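target-v1.csv (CSV, C-alpha atoms) appears below.
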chain,number,residue,atom,x,y,z
A,1,MET,CA,-11.2,12.4,-5.3
A,2,LYS,CA,-11.5,8.7,-5.8
A,3,PHE,CA,-8.9,6.2,-4.5
A,4,CYS,CA,-8.3,2.6,-5.2
A,5,LEU,CA,-6.7,0.6,-2.3
A,6,ASP,CA,-5.3,-2.8,-3.3
A,7,PRO,CA,-4.6,-5.1,-0.3
A,8,GLY,CA,-2.1,-7.4,-1.8
A,9,HIS,CA,-2.6,-11.2,-1.9
A,10,GLY,CA,-5.6,-12.9,-0.3
A,11,GLY,CA,-7.4,-16.2,-0.2
A,12,ILE,CA,-5.2,-19.1,-1.0
A,13,ASP,CA,-2.4,-16.6,-1.9
A,14,SER,CA,-1.3,-15.7,1.7
A,15,GLY,CA,1.8,-13.8,0.5
A,16,ALA,CA,4.7,-13.8,2.9
A,17,MET,CA,4.2,-15.6,6.2
A,18,PHE,CA,6.1,-15.4,9.4
A,19,ARG,CA,6.9,-18.5,11.5
A,20,SER,CA,4.2,-17.5,14.0
A,21,GLY,CA,1.6,-17.8,11.3
A,22,VAL,CA,1.2,-14.1,10.6
A,23,ARG,CA,0.0,-13.8,7.0
A,24,GLU,CA,0.9,-10.9,4.8
A,25,ALA,CA,-2.6,-11.0,3.2
A,26,ASP,CA,-4.2,-10.4,6.6
A,27,ILE,CA,-2.0,-7.5,7.5
A,28,ASN,CA,-2.5,-5.9,4.0
A,29,LEU,CA,-6.3,-6.2,4.3
A,30,SER,CA,-6.4,-4.8,7.8
A,31,VAL,CA,-4.3,-1.8,6.9
A,32,ALA,CA,-6.3,-1.2,3.7
A,33,LEU,CA,-9.6,-1.3,5.5
A,34,LYS,CA,-8.4,1.1,8.1
A,35,THR,CA,-7.0,3.4,5.4
A,36,ALA,CA,-10.4,3.2,3.6
A,37,ASP,CA,-12.1,4.3,6.8
A,38,ARG,CA,-9.8,7.3,7.2
A,39,LEU,CA,-10.3,8.3,3.5
A,40,LYS,CA,-14.1,8.1,3.9
A,41,THR,CA,-13.8,10.2,7.1
A,42,LEU,CA,-12.0,12.8,4.9
A,43,ALA,CA,-14.9,12.8,2.5
A,44,GLN,CA,-13.0,10.8,-0.2
A,45,GLN,CA,-14.4,8.0,-2.4
A,46,VAL,CA,-12.7,4.6,-2.0
A,47,ILE,CA,-12.7,1.5,-4.1
A,48,LEU,CA,-11.1,-1.7,-2.7
A,49,THR,CA,-9.8,-4.4,-4.9
A,50,ARG,CA,-10.9,-6.8,-2.1
A,51,SER,CA,-12.7,-6.3,1.2
A,52,HIS,CA,-12.3,-9.8,2.6
A,53,ASP,CA,-9.9,-12.7,2.4
A,54,THR,CA,-10.3,-13.7,-1.3
A,55,LYS,CA,-7.8,-14.2,-4.1
A,56,ILE,CA,-8.0,-11.5,-6.8
A,57,SER,CA,-6.0,-11.8,-10.0
A,58,LEU,CA,-3.6,-9.0,-10.9
A,59,LEU,CA,-5.6,-8.4,-14.1
A,60,ASP,CA,-8.8,-7.9,-12.0
A,61,ARG,CA,-7.0,-5.6,-9.6
A,62,VAL,CA,-6.0,-3.4,-12.5
A,63,ARG,CA,-9.5,-3.6,-14.1
A,64,ILE,CA,-11.1,-2.5,-10.8
A,65,ALA,CA,-9.0,0.6,-10.7
A,66,ASN,CA,-9.3,1.4,-14.4
A,67,LEU,CA,-13.0,0.7,-14.8
A,68,ASN,CA,-13.8,2.9,-11.8
A,69,ASN,CA,-11.7,5.8,-13.1
A,70,VAL,CA,-10.0,6.3,-9.8
A,71,ASP,CA,-7.6,9.2,-9.4
A,72,VAL,CA,-4.9,7.3,-7.5
A,73,PHE,CA,-4.0,3.7,-6.9
A,74,CYS,CA,-2.1,2.3,-3.9
A,75,SER,CA,-1.2,-1.4,-3.4
A,76,ILE,CA,-0.4,-2.3,0.2
A,77,HIS,CA,2.0,-5.1,1.0
A,78,CYS,CA,4.4,-6.4,3.6
A,79,ASN,CA,8.0,-7.4,2.7
A,80,PHE,CA,10.0,-10.6,3.2
A,81,ALA,CA,13.7,-11.3,2.9
A,82,SER,CA,16.0,-14.3,3.6
A,83,ASN,CA,17.9,-12.0,6.1
A,84,PRO,CA,15.8,-11.9,9.3
A,85,GLN,CA,17.5,-8.6,10.2
A,86,ALA,CA,16.0,-6.8,7.1
A,87,ARG,CA,13.9,-3.8,8.2
A,88,GLY,CA,12.1,-0.8,6.8
A,89,ILE,CA,9.6,0.7,4.5
A,90,GLU,CA,10.0,1.0,0.7
A,91,ILE,CA,7.7,2.3,-1.9
A,92,PHE,CA,7.7,1.4,-5.6
A,93,HIS,CA,6.4,3.2,-8.7
A,94,TYR,CA,6.6,2.3,-12.4
A,95,PRO,CA,9.9,3.3,-14.0
A,96,GLY,CA,9.7,6.7,-15.7
A,97,SER,CA,6.4,7.6,-14.0
A,98,GLU,CA,6.9,11.2,-12.7
A,99,LYS,CA,3.5,11.2,-10.9
A,100,GLY,CA,4.3,7.7,-9.5
A,101,ASN,CA,7.5,9.0,-8.1
A,102,LEU,CA,5.7,12.0,-6.6
A,103,LEU,CA,3.1,9.7,-5.1
A,104,ALA,CA,5.7,7.4,-3.6
A,105,THR,CA,7.6,10.3,-2.2
A,106,THR,CA,4.5,11.9,-0.7
A,107,LEU,CA,3.4,8.5,0.8
A,108,LEU,CA,6.8,7.9,2.3
A,109,GLY,CA,6.9,11.3,4.0
A,110,SER,CA,3.4,11.0,5.3
A,111,VAL,CA,3.9,7.5,6.7
A,112,LEU,CA,7.1,8.5,8.4
A,113,SER,CA,5.3,11.5,10.0
A,114,GLN,CA,3.1,8.9,11.8
A,115,ILE,CA,5.6,6.1,12.6
A,116,SER,CA,9.3,6.0,12.9
A,117,LEU,CA,10.8,3.3,10.6
A,118,PRO,CA,14.0,2.6,8.8
A,119,VAL,CA,13.8,3.8,5.2
A,120,ARG,CA,14.7,1.6,2.3
A,121,GLY,CA,13.7,4.3,-0.1
A,122,ILE,CA,11.7,5.0,-3.2
A,123,LYS,CA,12.3,2.4,-6.0
A,124,THR,CA,11.1,1.6,-9.4
A,125,GLN,CA,9.7,-1.8,-10.5
A,126,ASN,CA,7.8,-3.2,-13.4
A,127,PHE,CA,5.1,-4.7,-11.2
A,128,TYR,CA,1.9,-5.6,-13.1
A,129,VAL,CA,-0.4,-3.3,-11.0
A,130,LEU,CA,2.0,-0.4,-11.6
A,131,ARG,CA,2.4,-1.0,-15.3
A,132,TYR,CA,-1.2,-1.3,-16.3
A,133,THR,CA,-3.1,1.1,-14.1
A,134,LYS,CA,-4.0,4.3,-15.9
A,135,MET,CA,-3.6,6.6,-12.9
A,136,PRO,CA,-0.7,7.5,-10.6
A,137,ALA,CA,0.2,4.3,-8.8
A,138,ALA,CA,2.4,3.1,-6.0
A,139,LEU,CA,3.1,-0.1,-4.1
A,140,ILE,CA,4.0,0.2,-0.5
A,141,GLU,CA,6.0,-2.4,1.4
A,142,LEU,CA,5.2,-1.6,5.0
A,143,GLU,CA,7.8,-3.6,6.8
A,144,PHE,CA,9.4,-7.1,6.8
A,145,LEU,CA,7.4,-10.1,8.0
A,146,SER,CA,10.6,-12.0,8.0
A,147,ASN,CA,12.0,-9.8,10.8
A,148,PRO,CA,10.7,-11.1,14.2
A,149,GLU,CA,10.4,-7.6,15.7
A,150,ALA,CA,8.8,-6.0,12.7
A,151,SER,CA,6.4,-9.0,12.3
A,152,CYS,CA,5.3,-8.5,15.9
A,153,LEU,CA,4.8,-4.8,15.3
A,154,LEU,CA,2.7,-5.3,12.2
A,155,THR,CA,0.1,-7.3,14.2
A,156,LYS,CA,-0.4,-4.4,16.6
A,157,GLU,CA,-3.6,-2.4,16.2
A,158,TRP,CA,-1.8,0.9,17.0
A,159,VAL,CA,0.9,0.3,14.3
A,160,GLN,CA,-1.7,-0.6,11.7
A,161,ASN,CA,-3.6,2.6,12.6
A,162,ARG,CA,-0.5,4.7,12.2
A,163,PHE,CA,0.2,3.1,8.8
A,164,ALA,CA,-3.4,3.8,7.8
A,165,ASP,CA,-3.2,7.4,8.9
A,166,GLY,CA,0.0,7.9,7.0
A,167,ILE,CA,-1.2,6.3,3.8
A,168,ALA,CA,-4.6,8.1,3.9
A,169,PHE,CA,-3.1,11.5,4.5
A,170,GLY,CA,-0.4,10.9,1.9
A,171,LEU,CA,-2.9,9.9,-0.7
A,172,VAL,CA,-5.1,13.0,-0.1
A,173,ARG,CA,-2.1,15.3,0.0
A,174,PHE,CA,-0.8,13.9,-3.3
A,175,ALA,CA,-4.2,14.0,-5.0
A,176,GLN,CA,-4.8,17.6,-4.0
A,177,LYS,CA,-1.4,18.7,-5.4
A,178,TYR,CA,-0.7,16.5,-8.4
A,179,ALA,CA,-3.3,14.0,-9.5
A,180,GLN,CA,-5.4,16.4,-11.6
A,181,LYS,CA,-2.4,18.3,-13.1
A,182,THR,CA,-1.1,17.2,-16.5
Let me see the file written as structure tokens.
Amino acid sequence: MKFCLDPGHGGIDSGAMFRSGVREADINLSVALKTADRLKTLAQQVILTRSHDTKISLLDRVRIANLNNVDVFCSIHCNFASNPQARGIEIFHYPGSEKGNLLATTLLGSVLSQISLPVRGIKTQNFYVLRYTKMPAALIELEFLSNPEASCLLTKEWVQNRFADGIAFGLVRFAQKYAQKT
């Protein structure tokens, strides 16, 4: 199987940022690189939309996935809210995408098997990277950088490792069951 991991934001586009200077782009990249390592250990092929701190357009993110004919696309992000108490994981797929819903559901269960988090659920959204990728796609919001406790956790190596394990195992599980079926 071939997977595309998309660490959201990057370069001058830091994404969400917590008061302590924790940048979403850095967390996204770290978790994506760890996830890529796990997938490679599981003998899977991995394409990254970025492997260092650079800005990649949404169009280029989609092109990378589509031109490489990957089986599954996963965009990795951290969330932000005006309410500093907001917590939890949520995963998005494109509206009406049955495989996207199965991917999001599989990812959620797999991540929760690795780390206990509040669940905000599976949601649909018309995000560019979900709309224009040709393969099953999901966008995962790991936790809220706007929440001081969650922001602190997101910087911890062991937390990032658990997210990476959950995402990698979920992607492989989904691909084995659903990606090739019509």
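Of the listed residues (A:Ala32, A:Ile64, A:Ala137, A:Cys78), A:Ala137 comes nearest to A:Tyr94; the distances count all atoms listed in the file.
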Exercise. Could you check which of A:Ala164, A:Ile56, A:Val72, A:Ala138 is closest to A:Ala104, using all atoms listed in the file?
Key: A:Ala138
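Shortest atom-to-atom contact with A:His77 among A:Ser30, A:Gln44, A:Asn147, A:Gln114: A:Ser30, counting only C-alpha atoms.
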Quiz item: What would the list of residues within 12 Å of (-2.4, 17.1, -9.2) (file frame) look like as a VMD selection string, if only C-alpha atoms are what count?
Solution: chain A and resid 1 71 to 72 98 to 100 102 to 103 135 to 136 171 to 182
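With all atoms listed in the file as the basis for measurement, A:Ser146 is the residue among A:Ser113, A:Thr124, A:Ser146, A:Ser51 that approaches A:Gly88 most closely.
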Quiz item: Which value, in Å to one decimal, gives the distance between atom CA of A:Tyr128 and atom CA of A:Leu142?
Solution: 18.8 Å
Quiz item: A:Glu149, A:Asn68, A:Thr54, A:Leu33: which is nearest A:Arg87, counting only C-alpha atoms?
Solution: A:Glu149
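Atom pair atom CA of A:Val70 / atom CA of A:Thr49 has a distance of 11.8 Å (rounded to one decimal).
The nearest approach to A:Asp165 among the residues A:Gln85, A:Ser75, A:Thr35, A:Gln125, with only C-alpha atoms taken into account, belongs to A:Thr35.
In this structure, atom CA of A:Arg63 sits 25.7 Å away from atom CA of A:Thr41.
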Self-check item: Shell of 8 Å around A:Asn69, all atoms listed in the file, local chain residues under 3 positions omitted, as a list in words
Solution: Lys2, Ala65 and Asn66 of chain A
